[in-house]
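Enquirer: Take a look at this one; I'll ask things after.
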Amino acid sequence: MTRIFSGIKPTGHLTLGNYLGAVRRWAEVDQYRADALFSIVDLHALTVEHDPARVRRLSRQAATLLLAAGLDPARCTVFVQSHVDAHTRLSYLLECTATDGELRRMIQYKEKSVRAKAAGQSVRASLLTYPALMAADILAYRTDEVPVGDDQTQHVELTRDLAERFNLRYGPTFTVPRAVNPPVAARVMDLQDPGSKMGKSYESGAGIVYLLDETDVVRKKVMRAVTDSGREVEYDPVEKPGVANLLEILAACGGGNPIELAGVYDSYGSLKQDTAEAVVELLRPVRARHAQLAADPGQVDQVLKEGAERARGMARPVVDAAYEAIGLLPAG
């Protein structure tokens with residue numbers, strides 16, 4: 001059976017972009033068609049300045065939202081990355097396989113290091129090496145497919161390179177994975193800045209719809225979305241990125257086609273109204289289920305405990321084999 005691994009970083013509150021671009025597909029498609037693992041990759045949140053209490057809080061919130069969105073622990077494995085030591089054990093071996101040049105070419109390293117310096121912060125070594133940890137997340141489970149947004153495809157390509165290089169040098173050890181990009185709404189843009197991704201890590205939330213936003217807040221954010229010059233409702237991501245973003249969100253919520261939807265509307269106002277209501281209805285059951293789960297944190301803890309146990313059982317033999325292949329003595 002095909003094995004899938006994907007993760008989500010607890011660096012901010014989960015957004016509509018996270019849901020449409022990844023989480024909904026995990027719940028509706030991936031957990032049914034494959035042996036799927038979904039992880040809250042909390043170690044990746046430590047690569048930049050962070051508040052420890054906030055990382056813990058967001059990790060629990062992310063796990064609760066994944067379950068609220070429909071991930072079924074009877075069908076897939078949901079766990080926290082730091083609860084499975086195979087990830088850090090394998091990460092160092094992959095750091096020893098990667099080159100400095102490969103890691104410095106990563107777009108996210110370039111962008112985040114610039115932001116850190118601009119904020120007067122030092123750039124942590126882990127920001128440079130975290131693609132090796134991401135590769136370990138994937139390779140420890142002999143993963144076949146990695147569902148990712150297009151901004152993470154470069155990291156999966158590096159993971160493929162490291163797996164092939166390790167296998168060539170030290171013998172067949174890892175499955176070489178492939179990135180799978182969701183076909184619709186893989187990259188939802190900020191409602192106030194349609195040139196930027198709707199990211200959970202950004203400070204300003206005016207253009208970001210969070211999964212736990214109240215209904216009235218969701219409506220206001222969509223109704224205040226930036227549009228473009230002119231009055232024609234056209235799907236043109238280059239010339240009319242604001243309108244195109246709204247059309248893509250509406251299409252993703254209802255399963256339609258943004259080009260066809262553009263022909264339905266004769267004003268930006270009506271497009272915004274329908275998009276706002278579509279988003280509200282899409283998130284309503286997720287918010288309701290989250291409230292139920294948040295009221296019983298022991299249930300979430302048990303899911304994460306059992307998920308970590310299953311994940312350890314899958315990853316340990318792979319990482320032990322990698323240790324032996326690279327030349328390390330087995331533990332007594």
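The chains in the structure tokens are called A, B, ... from first to last as shown; in each chain the residues are counted from 1, and the ligands are counted from 1 in the order shown.
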Using the chain letters and numbers from this document, which residues of segment 43-206 of chain A does DSSP assign to alpha helix (DSSP H), as a PyMOL selection string?
Expert: chain A and resi 52-68+86-95+100-104+107-118+125-139+153-170
Enquirer: For Phe5 of chain A, work out the shell of residues within 6 Å, counting only C-alpha atoms and skipping chain neighbours fewer than 5 positions away, then give it as a CSV table (one decimal) with N, CA and C atoms, in the first residue's frame.
Expert:
```csv
chain,number,residue,atom,x,y,z
A,36,ALA,N,-1.3,6.4,5.8
A,36,ALA,CA,-0.9,7.8,6.0
A,36,ALA,C,-0.5,8.1,7.4
A,37,LEU,N,0.6,9.0,7.4
A,37,LEU,CA,1.1,9.5,8.7
A,37,LEU,C,1.0,11.0,8.6
A,38,PHE,N,0.5,11.7,9.6
A,38,PHE,CA,0.4,13.1,9.7
A,38,PHE,C,0.9,13.6,11.0
A,146,VAL,N,4.6,12.5,-0.7
A,146,VAL,CA,4.5,13.6,0.3
A,146,VAL,C,3.6,14.7,-0.3
```
Enquirer: Could you pull the residues within 8 Å of Ala132 of chain A, counting only C-alpha atoms, minus those fewer than 4 positions along the same chain, as a PyMOL selection string?
Expert: chain A and resi 91-92+94-95+98+136+159
Enquirer: Residues near Val176 of chain A, anyone? I mean within 7 Å using only C-alpha atoms, not counting same-chain ones fewer than 2 positions away, as a list in words.
Expert: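 Those residues are Asp144, Arg160, Ala163, Glu164, Phe174 and Arg178 of chain A.
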Enquirer: Those selected residues, please, written with N, CA, C and O atoms and delivered as a compact mmCIF listing (two decimals), in the first residue's frame.
Expert:
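again-v3.txt, freshly written:
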```
# COMPACT_ATOMS: atom_id res chain seq x y z
N ASP A 144 6.29 6.93 0.28
CA ASP A 144 6.19 6.97 -1.17
C ASP A 144 5.79 8.35 -1.68
O ASP A 144 6.32 8.82 -2.68
N ARG A 160 14.67 13.61 -1.99
CA ARG A 160 14.92 12.59 -3.01
C ARG A 160 16.41 12.48 -3.30
O ARG A 160 16.96 11.37 -3.39
N ALA A 163 18.18 10.73 -0.40
CA ALA A 163 17.88 9.30 -0.36
C ALA A 163 18.66 8.54 -1.43
O ALA A 163 19.26 7.48 -1.17
N GLU A 164 18.68 9.10 -2.64
CA GLU A 164 19.41 8.43 -3.73
C GLU A 164 20.91 8.40 -3.44
O GLU A 164 21.58 7.40 -3.70
N PHE A 174 16.67 3.57 1.80
CA PHE A 174 15.49 4.42 1.82
C PHE A 174 14.65 4.26 0.56
O PHE A 174 15.18 4.04 -0.53
N ARG A 178 8.16 10.96 -3.64
CA ARG A 178 7.81 11.97 -4.64
C ARG A 178 6.82 12.96 -4.03
O ARG A 178 5.99 12.59 -3.20
```
Enquirer: With only C-alpha atoms as the atoms that count, which of A:Tyr268, A:Tyr109, A:Tyr141, A:Phe166 lies nearest to Ser126 of chain A?
Expert: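 Closest to Ser126 of chain A of all the choices is A:Tyr109.
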Enquirer: Any idea what's packed within 12 Å of Asp274 of chain A, counting only C-alpha atoms, ignoring anything in its chain fewer than 4 positions away? Could you give it as a list in words?
Expert: Arg219, Val222, Met223, Leu246, Leu247, Ile249, Leu250, Ala251, Cys253, Gly254, Leu261, Val264, Tyr265, Ser267, Tyr268, Gly269, Ser270, Ala278, Val279, Val280 and Glu281 of chain A
Enquirer: From the DSSP assignment of the backbone, select every residue of segment 88-271 of chain A that is strand (DSSP E or B), and format the answer as a VMD selection string.
Expert: chain A and resid 145 to 147 178 to 180 189 197 210
Enquirer: How would the residues just chosen look if you wrote them out with C-alpha atoms as an mmCIF file, in the first residue's frame?
Expert:
```cif
data_model
loop_
_atom_site.group_PDB
_atom_site.id
_atom_site.type_symbol
_atom_site.label_atom_id
_atom_site.label_comp_id
_atom_site.auth_asym_id
_atom_site.auth_seq_id
_atom_site.Cartn_x
_atom_site.Cartn_y
_atom_site.Cartn_z
ATOM 1 C CA GLU A 145 4.293 10.259 -1.452
ATOM 2 C CA VAL A 146 4.537 13.632 0.285
ATOM 3 C CA PRO A 147 1.464 15.874 -0.180
ATOM 4 C CA ARG A 178 7.813 11.969 -4.640
ATOM 5 C CA ALA A 179 5.996 15.229 -4.007
ATOM 6 C CA VAL A 180 2.270 15.353 -4.726
ATOM 7 C CA MET A 189 -3.212 33.983 -0.999
ATOM 8 C CA LYS A 197 0.642 33.230 0.626
ATOM 9 C CA TYR A 210 -7.959 31.390 10.712
#
```
Enquirer: Using only C-alpha atoms, can you tell me which of A:Leu14, A:Ala22, A:Ala308, A:Leu71 comes closest to Ala252 of chain A?
Expert: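 Closest candidate: A:Ala22.
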Enquirer: Can you pull out the residues contacting segment 286-291 of chain A? Cut-off 9 Å, using only C-alpha atoms, and skip same-chain residues under 6 positions away; I want them as a list of chain:residue names.
Expert: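 Final neighbour list, sorted by chain and number: A:Gln61, A:Thr64, A:Leu65, A:Leu66, A:Leu67, A:Ala68, A:Ala69, A:Gly70, A:Leu211, A:Leu212, A:Asp213, A:Glu214.
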Enquirer: Can you work out the spacing between atom CA of Leu328 of chain A and atom CA of Arg165 of chain A in Å, to one decimal?
Expert: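 Rounded to one decimal, the two atoms are 17.8 Å apart.
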Enquirer: Enter the distance from atom CA of Arg33 of chain A to atom CA of Val148 of chain A, in Å, rounded to one decimal.
Expert: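 Going from atom CA of Arg33 of chain A over to atom CA of Val148 of chain A covers 16.5 Å.
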Enquirer: Fewer than 3 positions away in the same chain doesn't count, so skip those; otherwise give me all residues within 12 Å of segment 110-121 of chain A, counting only C-alpha atoms, as a VMD selection string.
Expert: chain A and resid 47 to 50 102 to 107 124 to 128 151 201 to 202
Enquirer: Go through A:Glu28, A:His83, A:Gly12, A:Leu282 and flag the residue nearest Arg54 of chain A, using only C-alpha atoms for the distances.
Expert: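 Using only C-alpha atoms, the shortest distance to Arg54 of chain A belongs to A:Gly12.
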Enquirer: Work out how far apart atom CA of Thr99 of chain A and atom CA of Val319 of chain A are and give it in Å to one decimal.
Expert: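 According to the coordinates, atom CA of Thr99 of chain A and atom CA of Val319 of chain A are separated by 20.5 Å.
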